[in-house]
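Student: Data: protein.txt, compact mmCIF, C-alpha atoms.
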```txt
# COMPACT_ATOMS: atom_id res chain seq x y z
CA MET A 1 7.21 38.05 14.52
CA LYS A 2 9.12 34.87 15.42
CA ARG A 3 7.69 34.94 18.95
CA ALA A 4 4.18 35.30 17.59
CA THR A 5 4.69 32.39 15.20
CA ALA A 6 6.09 30.22 17.98
CA PHE A 7 3.15 31.13 20.23
CA ILE A 8 0.63 30.20 17.51
CA LEU A 9 2.33 26.85 16.87
CA ALA A 10 2.42 26.08 20.59
CA PHE A 11 -1.24 27.01 20.92
CA LEU A 12 -2.20 24.76 18.00
CA ALA A 13 -0.22 21.87 19.45
CA LEU A 14 -1.91 22.34 22.81
CA ALA A 15 -5.31 22.51 21.18
CA ALA A 16 -4.61 19.34 19.21
CA THR A 17 -3.54 17.59 22.38
CA CYS A 18 -6.66 18.66 24.20
CA PHE A 19 -8.87 17.57 21.30
CA ALA A 20 -7.12 14.18 21.13
CA LYS A 21 -8.13 13.52 24.74
CA ASP A 22 -11.83 14.07 23.84
CA VAL A 23 -11.91 10.90 21.72
CA TYR A 24 -10.88 7.61 23.32
CA PHE A 25 -11.19 5.59 20.12
CA ASN A 26 -12.83 6.03 16.73
CA LYS A 27 -13.65 3.10 14.42
CA HIS A 28 -15.15 5.47 11.84
CA PRO A 29 -18.84 4.53 11.69
CA VAL A 30 -20.79 5.39 8.56
CA LEU A 31 -22.26 8.87 8.74
CA TRP A 32 -25.47 8.73 6.73
CA GLU A 33 -26.93 11.63 4.81
CA ASN A 34 -30.35 12.69 6.18
CA ALA A 35 -29.73 10.32 9.09
CA ASP A 36 -31.90 9.61 12.12
CA ILE A 37 -29.88 10.47 15.25
CA LEU A 38 -31.33 8.57 18.22
CA ILE A 39 -30.22 10.13 21.54
CA TRP A 40 -29.91 7.51 24.27
CA THR A 41 -29.15 8.46 27.89
CA PRO A 42 -29.49 6.84 31.33
CA ASP A 43 -29.92 10.30 32.91
CA ALA A 44 -33.30 11.72 33.87
CA GLN A 45 -32.86 14.46 31.27
CA SER A 46 -30.86 14.52 28.07
CA PRO A 47 -27.70 16.67 28.31
CA VAL A 48 -28.36 18.03 24.81
CA ASP A 49 -31.48 19.37 23.13
CA PRO A 50 -32.34 17.25 20.04
CA ARG A 51 -33.36 20.29 17.99
CA GLU A 52 -30.12 22.13 18.74
CA LEU A 53 -28.11 19.02 17.93
CA CYS A 54 -29.63 18.80 14.45
CA LEU A 55 -28.95 22.48 13.81
CA SER A 56 -25.34 22.03 14.97
CA LEU A 57 -24.88 19.04 12.69
CA LYS A 58 -26.00 21.07 9.68
CA ARG A 59 -23.76 23.99 10.66
CA ASN A 60 -20.67 21.82 11.14
CA ASN A 61 -21.10 19.36 8.26
CA SER A 62 -22.80 20.43 5.06
CA GLY A 63 -23.07 16.81 3.87
CA VAL A 64 -25.51 15.64 6.54
CA GLY A 65 -28.49 17.04 4.67
CA GLU A 66 -31.61 17.18 6.84
CA PRO A 67 -30.98 14.96 9.88
CA LYS A 68 -33.69 14.06 12.36
CA CYS A 69 -32.76 14.04 16.05
CA ARG A 70 -34.95 12.60 18.78
CA LEU A 71 -34.75 10.88 22.15
CA PHE A 72 -34.50 7.12 21.83
CA GLY A 73 -37.47 6.33 24.03
CA GLU A 74 -37.68 2.72 22.82
CA TRP A 75 -34.35 1.87 24.45
CA GLU A 76 -34.90 4.14 27.47
CA ARG A 77 -38.03 2.11 28.31
CA ASP A 78 -36.16 -1.19 27.87
CA SER A 79 -34.74 -2.58 31.13
CA VAL A 80 -31.92 -4.54 29.44
CA ALA A 81 -30.81 -1.51 27.41
CA MET A 82 -30.91 0.79 30.45
CA HIS A 83 -28.96 -1.70 32.56
CA TYR A 84 -26.16 -1.63 29.97
CA ALA A 85 -26.43 2.18 29.67
CA ARG A 86 -25.82 2.62 33.41
CA TRP A 87 -22.96 0.11 33.31
CA LEU A 88 -21.40 2.02 30.41
CA GLN A 89 -21.76 5.28 32.34
CA LYS A 90 -19.56 3.92 35.12
CA ASN A 91 -17.01 2.04 33.01
CA MET A 92 -16.09 4.32 30.09
CA ASP A 93 -12.42 5.22 30.40
CA PRO A 94 -9.76 6.59 28.03
CA ALA A 95 -7.59 3.51 28.63
CA LEU A 96 -10.23 1.00 27.47
CA ASP A 97 -10.64 -0.32 23.93
CA GLU A 98 -14.03 -0.99 22.41
CA GLU A 99 -13.76 -4.74 23.15
CA TYR A 100 -14.03 -4.05 26.89
CA LEU A 101 -17.32 -2.20 26.31
CA HIS A 102 -18.88 -5.04 24.35
CA ILE A 103 -22.66 -5.63 24.62
CA ARG A 104 -23.17 -9.15 25.93
CA HIS A 105 -26.92 -9.57 26.36
CA PRO A 106 -28.42 -11.30 23.27
CA ALA A 107 -31.56 -9.17 23.33
CA LEU A 108 -29.63 -5.90 23.20
CA MET A 109 -27.24 -7.31 20.61
CA ALA A 110 -30.24 -8.04 18.41
CA LYS A 111 -31.55 -4.50 18.88
CA VAL A 112 -28.21 -3.04 17.76
CA GLN A 113 -28.05 -5.30 14.71
CA SER A 114 -31.53 -4.17 13.64
CA LEU A 115 -30.70 -0.45 13.65
CA GLU A 116 -30.25 -0.43 9.85
CA ASP A 117 -28.90 3.00 8.90
CA ASN A 118 -29.89 4.81 12.10
CA ILE A 119 -27.25 6.23 14.44
CA VAL A 120 -27.49 5.84 18.22
CA LEU A 121 -25.82 8.67 20.16
CA TYR A 122 -25.19 7.69 23.77
CA LEU A 123 -24.80 10.58 26.25
CA ALA A 124 -24.31 10.22 30.02
CA GLU A 125 -23.09 12.63 32.68
CA SER A 126 -19.94 11.60 34.52
CA GLY A 127 -18.61 14.16 37.00
CA SER A 128 -17.70 17.33 35.15
CA ASN A 129 -17.83 15.58 31.77
CA ILE A 130 -20.37 13.99 29.49
CA ASN A 131 -19.51 10.53 28.17
CA VAL A 132 -20.24 10.09 24.48
CA ALA A 133 -20.53 6.87 22.45
CA ILE A 134 -21.88 6.06 19.00
CA PHE A 135 -23.45 2.75 17.96
CA ASP A 136 -24.55 1.46 14.57
CA GLU A 137 -25.70 -1.86 13.14
CA THR A 138 -22.22 -3.04 12.13
CA SER A 139 -20.90 -3.80 15.62
CA THR A 140 -22.09 -4.65 19.12
CA ASN A 141 -19.20 -2.57 20.46
CA PRO A 142 -19.30 1.22 20.48
CA LYS A 143 -17.83 2.52 17.22
CA VAL A 144 -16.73 5.79 18.87
CA ALA A 145 -16.18 6.72 22.50
CA GLY A 146 -15.03 9.89 24.22
CA SER A 147 -16.06 12.69 26.50
CA ILE A 148 -16.68 16.44 26.46
CA ALA A 149 -16.89 18.99 29.24
CA LYS A 150 -20.31 19.93 30.59
CA ASN A 151 -21.69 23.19 29.33
CA ALA A 152 -24.86 24.96 30.40
CA ASP A 153 -25.03 26.54 26.96
CA LYS A 154 -27.01 23.97 24.95
CA VAL A 155 -25.97 25.46 21.61
CA ALA A 156 -22.26 25.36 22.46
CA LEU A 157 -22.61 21.82 23.78
CA ALA A 158 -24.36 20.63 20.62
CA ASP A 159 -21.70 22.32 18.47
CA LYS A 160 -18.97 20.55 20.43
CA ILE A 161 -20.61 17.15 19.92
CA ALA A 162 -21.16 17.79 16.22
CA SER A 163 -17.62 18.99 15.51
CA THR A 164 -15.91 16.29 17.59
CA PHE A 165 -17.91 13.18 16.69
CA PHE A 166 -19.77 13.90 13.44
CA SER A 167 -17.16 15.33 11.08
CA GLY A 168 -16.22 13.59 7.84
CA LYS A 169 -17.88 12.48 4.64
CA THR A 170 -21.44 11.22 4.52
CA LYS A 171 -23.06 8.44 2.50
CA ARG A 172 -26.48 8.27 0.91
CA ARG A 173 -28.95 6.16 2.89
CA LEU A 174 -29.95 2.92 1.19
CA SER A 175 -33.41 1.98 0.03
CA LYS A 176 -35.02 -1.23 1.31
CA GLU A 177 -34.28 -2.91 -2.02
CA GLU A 178 -30.62 -1.89 -1.90
CA ARG A 179 -30.26 -3.09 1.68
CA GLN A 180 -31.79 -6.44 0.79
CA LYS A 181 -29.48 -6.81 -2.19
CA LEU A 182 -26.41 -6.14 -0.02
CA GLN A 183 -27.59 -8.65 2.57
CA ASP A 184 -28.03 -11.32 -0.09
CA GLU A 185 -24.60 -10.71 -1.61
CA PRO A 186 -21.62 -12.49 -0.02
CA ASP A 187 -18.96 -10.50 1.75
CA ASP A 188 -16.09 -9.39 -0.50
CA LEU A 189 -13.68 -11.53 1.50
CA TYR A 190 -15.91 -14.62 1.37
CA GLN A 191 -17.33 -14.61 -2.12
CA GLU A 192 -17.64 -17.87 -3.98
CA VAL A 193 -14.38 -18.64 -5.75
CA PRO A 194 -14.83 -18.86 -9.55
CA LYS A 195 -14.54 -22.40 -10.88
CA PHE A 196 -11.99 -21.24 -13.43
CA ARG A 197 -10.07 -17.98 -13.77
CA ALA A 198 -7.99 -17.45 -16.89
CA TRP A 199 -5.61 -14.81 -18.15
CA ALA A 200 -3.44 -13.89 -21.10
CA GLY A 201 -0.45 -11.60 -20.82
CA VAL A 202 2.65 -10.16 -22.39
CA ALA A 203 5.69 -9.38 -20.25
CA PHE A 204 8.96 -7.64 -20.87
CA GLY A 205 11.89 -8.66 -18.74
CA TYR A 206 15.54 -9.45 -18.35
CA SER A 207 17.63 -12.55 -17.73
CA GLN A 208 21.19 -13.21 -16.67
CA ALA A 209 23.36 -16.11 -15.59
CA HIS A 210 24.26 -14.56 -12.24
CA ILE A 211 21.53 -15.44 -9.73
CA PRO A 212 21.11 -12.61 -7.17
CA LEU A 213 22.53 -13.17 -3.67
CA THR A 214 24.92 -15.86 -4.89
CA PRO A 215 28.73 -15.47 -5.30
CA TYR A 216 29.83 -14.03 -8.62
CA THR A 217 32.74 -16.49 -8.68
CA TRP A 218 30.26 -19.27 -9.49
CA TYR A 219 29.58 -17.68 -12.88
CA LYS A 220 32.81 -15.85 -13.66
CA SER A 221 34.15 -18.49 -16.06
CA HIS A 222 30.89 -18.49 -18.05
CA VAL A 223 30.25 -14.75 -18.06
CA GLU A 224 33.78 -13.67 -19.00
CA SER A 225 34.58 -16.42 -21.53
CA GLU A 226 35.10 -15.72 -25.24
CA VAL A 227 34.89 -17.89 -28.33
CA ARG A 228 38.10 -18.30 -30.36
CA ASN A 229 38.34 -19.77 -33.82
CA TYR A 230 34.52 -20.10 -34.01
CA ARG A 231 34.37 -23.04 -31.52
CA ILE A 232 36.94 -22.92 -28.75
CA THR A 233 36.08 -21.85 -25.17
CA LYS A 234 37.45 -22.56 -21.70
CA ASP A 235 34.41 -24.68 -20.89
CA SER A 236 31.67 -25.87 -23.21
CA VAL A 237 29.14 -27.14 -20.66
CA SER A 238 27.07 -23.95 -20.36
CA LEU A 239 25.66 -22.15 -23.38
CA TRP A 240 26.62 -18.88 -21.67
CA ASN A 241 30.26 -19.67 -22.52
CA PHE A 242 29.36 -19.00 -26.15
CA ILE A 243 26.61 -16.37 -26.08
CA ASP A 244 25.78 -13.35 -23.90
CA ASP A 245 23.98 -14.38 -20.73
CA SER A 246 22.36 -11.01 -19.90
CA ASP A 247 19.76 -9.83 -22.39
CA PRO A 248 16.19 -8.46 -22.54
CA LEU A 249 13.46 -10.99 -23.12
CA LEU A 250 9.86 -11.08 -24.28
CA ASN A 251 7.41 -13.43 -22.59
CA ALA A 252 3.87 -14.28 -23.73
CA TYR A 253 1.70 -16.57 -21.65
CA LEU A 254 -1.80 -18.00 -21.32
CA GLY A 255 -2.91 -19.61 -18.08
CA GLY A 256 -5.73 -20.47 -15.75
CA ILE A 257 -6.51 -21.44 -12.16
CA TRP A 258 -9.16 -23.93 -11.03
CA TYR A 259 -11.01 -23.10 -7.80
CA GLY A 260 -8.45 -20.46 -6.87
CA PHE A 261 -5.78 -23.03 -6.03
CA ILE A 262 -4.14 -25.02 -8.83
CA GLY A 263 -3.64 -24.28 -12.49
CA LEU A 264 -1.60 -24.51 -15.66
CA GLU A 265 0.12 -21.96 -17.88
CA LEU A 266 1.50 -22.16 -21.39
CA GLN A 267 4.36 -19.74 -22.05
CA TYR A 268 6.64 -18.59 -24.83
CA ARG A 269 9.90 -16.71 -24.28
CA PHE A 270 12.07 -14.96 -26.83
CA ALA A 271 15.52 -13.39 -26.54
CA LYS A 272 18.40 -12.50 -28.80
CA HIS A 273 21.97 -13.35 -27.76
CA ARG A 274 25.23 -12.20 -29.30
CA VAL A 275 28.06 -14.71 -29.63
CA LYS A 276 31.00 -13.62 -27.45
CA THR A 277 33.70 -13.66 -30.07
CA ASP A 278 37.32 -12.85 -29.19
CA ASP A 279 38.05 -9.46 -30.79
CA ASP A 280 41.77 -10.26 -30.89
CA ASP A 281 41.25 -13.35 -33.05
CA PRO A 282 41.91 -12.29 -36.71
CA VAL A 283 39.70 -15.08 -38.03
CA TYR A 284 36.67 -12.92 -37.25
CA ASP A 285 37.74 -10.20 -39.68
CA GLU A 286 35.52 -11.92 -42.22
CA LEU A 287 32.48 -11.86 -39.91
CA ASP A 288 29.68 -9.27 -40.07
CA HIS A 289 27.56 -10.60 -37.19
CA TRP A 290 26.88 -13.80 -35.33
CA ASP A 291 23.80 -14.09 -33.10
CA PHE A 292 21.42 -16.73 -31.78
CA TYR A 293 17.67 -16.25 -31.35
CA GLN A 294 16.37 -18.08 -28.31
CA HIS A 295 12.83 -19.52 -28.51
CA GLU A 296 11.38 -21.34 -25.52
CA ILE A 297 8.04 -23.11 -25.15
CA GLY A 298 7.04 -24.30 -21.70
CA LEU A 299 4.21 -25.61 -19.57
CA ASN A 300 3.98 -24.50 -15.94
CA ALA A 301 2.08 -25.93 -13.00
CA LEU A 302 0.71 -23.16 -10.77
CA PHE A 303 -0.24 -23.05 -7.11
CA SER A 304 -2.16 -19.92 -6.19
CA ARG A 305 -3.51 -17.95 -3.25
CA THR A 306 -5.78 -14.94 -3.88
CA TYR A 307 -6.39 -12.02 -1.52
CA ASN A 308 -9.42 -9.75 -2.04
CA ILE A 309 -7.92 -6.46 -0.89
CA LYS A 310 -10.70 -4.17 -2.16
CA SER A 311 -13.81 -4.65 -4.25
CA TRP A 312 -11.76 -3.34 -7.20
CA LEU A 313 -8.42 -5.04 -6.40
CA ASP A 314 -7.43 -8.70 -6.07
CA ILE A 315 -3.86 -9.86 -5.48
CA SER A 316 -2.87 -13.41 -6.42
CA LEU A 317 0.42 -15.00 -5.42
CA LEU A 318 1.65 -17.85 -7.62
CA LEU A 319 4.23 -20.59 -7.19
CA ILE A 320 5.53 -21.70 -10.61
CA LEU A 321 6.95 -25.16 -11.37
CA GLY A 322 7.39 -26.07 -15.01
CA PHE A 323 9.38 -27.57 -17.84
CA GLN A 324 10.40 -26.12 -21.18
CA TYR A 325 12.10 -26.79 -24.49
CA SER A 326 14.64 -24.27 -25.81
CA PHE A 327 15.52 -23.74 -29.45
CA PHE A 328 18.47 -21.61 -30.57
CA VAL A 329 18.28 -20.36 -34.15
CA GLU A 330 21.53 -19.09 -35.62
CA ASP A 331 21.81 -15.76 -37.44
CA ILE A 332 25.28 -15.37 -38.98
CA ALA A 333 26.61 -13.40 -41.96
CA LEU A 334 30.00 -12.59 -43.49
CA ASN A 335 31.16 -9.22 -44.69
CA ASP A 336 30.08 -8.37 -48.23
CA ASP A 337 33.66 -8.46 -49.57
CA VAL A 338 34.34 -12.04 -48.39
CA LYS A 339 34.21 -14.44 -51.34
CA GLU A 340 35.07 -17.65 -49.54
CA PRO A 341 34.72 -18.20 -45.78
CA SER A 342 37.53 -19.67 -43.72
CA ARG A 343 37.68 -23.36 -42.79
CA ALA A 344 36.94 -22.41 -39.16
CA TYR A 345 33.71 -20.74 -40.28
CA LYS A 346 32.56 -23.95 -41.96
CA VAL A 347 33.22 -26.11 -38.88
CA ARG A 348 31.97 -23.56 -36.30
CA ILE A 349 30.18 -24.60 -33.17
CA ARG A 350 26.54 -25.57 -33.56
CA PHE A 351 23.96 -26.02 -30.85
CA GLU A 352 21.58 -28.91 -30.45
CA GLU A 353 18.20 -28.71 -32.15
CA ALA A 354 16.51 -28.48 -28.72
CA TYR A 355 17.40 -28.32 -25.06
CA LYS A 356 15.09 -29.30 -22.27
CA GLY A 357 14.93 -27.78 -18.81
CA GLY A 358 12.83 -26.60 -15.94
CA VAL A 359 11.48 -23.43 -14.36
CA ILE A 360 10.94 -22.62 -10.71
CA GLY A 361 9.73 -19.20 -9.63
CA GLY A 362 7.01 -17.03 -8.25
CA ALA A 363 4.63 -14.36 -9.48
CA ALA A 364 2.26 -11.73 -8.16
CA GLN A 365 -0.81 -10.63 -10.10
CA PHE A 366 -2.55 -7.34 -9.31
CA VAL A 367 -6.02 -7.55 -10.89
CA PHE A 368 -8.12 -4.39 -11.16
CA LYS A 369 -11.89 -4.47 -11.76
CA LYS A 370 -11.69 -8.29 -12.12
CA HIS A 371 -10.20 -7.99 -15.62
CA TYR A 372 -7.14 -5.77 -15.96
CA GLY A 373 -3.93 -7.04 -14.42
CA ILE A 374 -0.29 -6.25 -13.83
CA GLY A 375 1.94 -9.29 -13.35
CA ILE A 376 5.37 -9.46 -11.76
CA ARG A 377 7.30 -12.70 -12.01
CA THR A 378 10.80 -13.92 -11.24
CA GLY A 379 12.57 -17.25 -11.00
CA ILE A 380 15.30 -19.56 -12.21
CA SER A 381 15.26 -21.21 -15.61
CA THR A 382 17.40 -24.16 -16.71
CA ARG A 383 18.15 -25.86 -19.99
CA GLY A 384 20.50 -28.67 -20.93
CA ARG A 385 21.04 -31.91 -22.76
CA ASP A 386 21.94 -35.43 -21.76
CA MET A 387 25.53 -35.48 -20.51
CA TYR A 388 26.08 -39.10 -21.48
CA VAL A 389 25.66 -39.96 -25.13
CA ASP A 390 26.97 -42.72 -27.32
CA PRO A 391 29.49 -41.29 -29.80
CA THR A 392 28.95 -41.86 -33.49
CA PRO A 393 31.65 -43.61 -35.51
CA GLU A 394 32.69 -40.24 -36.95
CA ALA A 395 33.00 -38.60 -33.50
CA ALA A 396 36.06 -38.44 -31.35
CA ALA A 397 36.47 -40.79 -28.41
CA ALA A 398 35.21 -38.11 -25.99
CA PRO A 399 32.56 -36.04 -27.77
CA THR A 400 32.21 -32.42 -26.70
CA ILE A 401 29.05 -31.70 -24.70
CA ILE A 402 27.60 -28.32 -25.69
CA GLY A 403 25.09 -26.80 -23.31
CA GLY A 404 25.07 -29.63 -20.82
CA SER A 405 23.85 -27.40 -18.00
CA THR A 406 22.68 -23.80 -18.52
CA ILE A 407 21.00 -21.77 -15.78
CA ASP A 408 19.75 -18.18 -15.66
CA TRP A 409 17.70 -15.89 -13.42
CA PHE A 410 14.85 -13.91 -14.96
CA VAL A 411 12.47 -11.14 -13.94
CA GLY A 412 9.57 -9.66 -15.87
CA LEU A 413 6.73 -7.15 -15.74
CA GLY A 414 3.62 -7.85 -17.75
CA LEU A 415 0.19 -6.57 -18.74
CA GLU A 416 -2.63 -9.11 -18.42
CA TYR A 417 -6.31 -9.57 -19.15
CA HIS A 418 -8.35 -11.83 -16.83
CA TRP A 419 -11.73 -13.47 -17.15
CA SER A 420 -13.67 -15.99 -15.07
CA LEU A 421 -16.06 -18.86 -15.67
```
Write out the structure in this file as structure tokens.
Tutor:
Amino acid sequence: MKRATAFILAFLALAATCFAKDVYFNKHPVLWENADILIWTPDAQSPVDPRELCLSLKRNNSGVGEPKCRLFGEWERDSVAMHYARWLQKNMDPALDEEYLHIRHPALMAKVQSLEDNIVLYLAESGSNINVAIFDETSTNPKVAGSIAKNADKVALADKIASTFFSGKTKRRLSKEERQKLQDEPDDLYQEVPKFRAWAGVAFGYSQAHIPLTPYTWYKSHVESEVRNYRITKDSVSLWNFIDDSDPLLNAYLGGIWYGFIGLELQYRFAKHRVKTDDDDPVYDELDHWDFYQHEIGLNALFSRTYNIKSWLDISLLLILGFQYSFFVEDIALNDDVKEPSRAYKVRIRFEEAYKGGVIGGAAQFVFKKHYGIGIRTGISTRGRDMYVDPTPEAAAAPTIIGGSTIDWFVGLGLEYHWSL
């Protein structure tokens, strides 16, 4: 049983290898339903019978419908076409790509480009083989090239051609009106760029002080710090010394791009941060919770590049440069049994009313059917306050700077809706 299985596998591998040698290259031309197959040969007599070829096509591919096969007398009576046909007969080789077989005469190039949805099947004897090539209107190079062994049996020969070069799915032939409409429409890759493309989206993400691929030691003092006596930390410059730096965030944004290049985006970010209180400090026994809600409003400048991957998929890459204002709203409460808070509670640390900062990052938008998008964005966000301020008469000689420089890395995944003007 094992020997039989091994023999079958070896036979299939050998057959696949032999079949692979039949086709030199295949650029997958469109196989039309109910197509006209035009047989073109430089030989005195066609190697294959047109009627048998049509029957073989229907036997080997049920999607071809009712093809029509005939000798391409128009080209066989054309001296330019026959000159190229004889040249092709001598120069087809498994080692050559289609560029080397390019049609160079303008008259024949024009004939190929006017084929519409007809298929030209080139057949030419070459020693013990028959060279095969397929042409259509989309290229002045052969779309397919290969060879098959000669066979006196016309039916077997037609079956071999049909199974080797005409397998695959077929497409409905276009009407004259449909062809004209496609010719008038711009290519997907060269369509006119909309004057203005806009979107609105909601993203869920995550932020943290530690920027990826940078040493953790840069952030260790901020990330591992704790607040004692409601206001004391090792370092008060970064807000992350007081509140958790790694939290989920919600991002809502509305933006637009002019002429596919430059644009603006208004964004809002929200996150909730817990104050990093020292659990060993007994002063917090009176505390139920202590959090800060982070609200950020920003305006971003966008630089974009859009790639039309498919008719139903566009991918836009964005460079984001922006500024923002951050507001931290305190949410604090004592335990229900606490009648009077401690003095430390009354003089606890308080943040500025607003911090200003910048954003630098990048985004990728995957837009389906021109309207429905998935956005991925990441970057670095900063916030801070002026480091040099004039102290008030009530302040100490060296006032404490809270949140002088605060940096975090963020990443988000969003759902978007796009529209164009």
Student: Which residues, protein or nucleic acid, reach to within 7 Å of (-8.5, -19.3, -4.0) in the file's coordinates when using only C-alpha atoms, and can you give that as a list in words?
Tutor: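 Those within range, by chain then number, are Val193, Tyr259, Gly260, Phe261, Ser304, Arg305 and Thr306 of chain A.
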Student: Quick check, in Å to one decimal: how far apart do CA of Arg86 (chain A) and CA of Leu31 (chain A) lie?
Tutor: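 CA of Arg86 (chain A) sits 25.7 Å away from CA of Leu31 (chain A).
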Student: Nearest to Ile309 (chain A): which of A:Tyr268, A:Phe366, A:Tyr325, A:Phe292 is it, counting all atoms listed in the file?
Tutor: A:Phe366
Student: Go through A:Arg377, A:Arg70, A:Lys143, A:Lys150 one by one, measure the shortest atom-to-atom distance of each to Ser128 (chain A) using all atoms listed in the file, and give the residue with the smallest value.
Tutor: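 Distance minimum relative to Ser128 (chain A) lands on A:Lys150.
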Student: Got a sec: who's within 8 Å of Trp419 (chain A), counting only C-alpha atoms, leaving out chain neighbours fewer than 3 positions off, as a PyMOL selection string?
Tutor: chain A and resi 197-199+370-371
Student: Restore N, CA and C atoms in region 22-36 of chain A and list the result as a compact mmCIF listing (two decimals), in the frame of the given file.
Tutor:
```txt
# COMPACT_ATOMS: atom_id res chain seq x y z
N ASP A 22 -10.38 14.15 23.90
CA ASP A 22 -11.83 14.07 23.84
C ASP A 22 -12.30 12.72 23.30
N VAL A 23 -11.52 12.13 22.39
CA VAL A 23 -11.91 10.90 21.72
C VAL A 23 -11.03 9.77 22.21
N TYR A 24 -11.64 8.75 22.82
CA TYR A 24 -10.88 7.61 23.32
C TYR A 24 -10.51 6.66 22.19
N PHE A 25 -11.45 6.38 21.31
CA PHE A 25 -11.19 5.59 20.12
C PHE A 25 -12.25 5.92 19.08
N ASN A 26 -11.92 5.71 17.83
CA ASN A 26 -12.83 6.03 16.73
C ASN A 26 -12.67 4.99 15.63
N LYS A 27 -13.65 4.13 15.45
CA LYS A 27 -13.65 3.10 14.42
C LYS A 27 -14.39 3.54 13.15
N HIS A 28 -14.60 4.83 13.05
CA HIS A 28 -15.15 5.47 11.84
C HIS A 28 -16.46 4.83 11.38
N PRO A 29 -17.53 5.02 12.14
CA PRO A 29 -18.84 4.53 11.69
C PRO A 29 -19.31 5.32 10.47
N VAL A 30 -20.23 4.72 9.73
CA VAL A 30 -20.79 5.39 8.56
C VAL A 30 -21.68 6.54 9.01
N LEU A 31 -21.42 7.71 8.46
CA LEU A 31 -22.26 8.87 8.74
C LEU A 31 -23.22 9.05 7.57
N TRP A 32 -24.50 8.72 7.81
CA TRP A 32 -25.47 8.73 6.73
C TRP A 32 -25.97 10.15 6.46
N GLU A 33 -26.26 10.39 5.21
CA GLU A 33 -26.93 11.63 4.81
C GLU A 33 -28.41 11.55 5.20
N ASN A 34 -28.95 12.66 5.71
CA ASN A 34 -30.35 12.69 6.18
C ASN A 34 -30.62 11.61 7.23
N ALA A 35 -29.66 11.43 8.13
CA ALA A 35 -29.73 10.32 9.09
C ALA A 35 -30.72 10.62 10.22
N ASP A 36 -31.15 9.52 10.87
CA ASP A 36 -31.90 9.61 12.12
C ASP A 36 -30.91 9.44 13.27
```
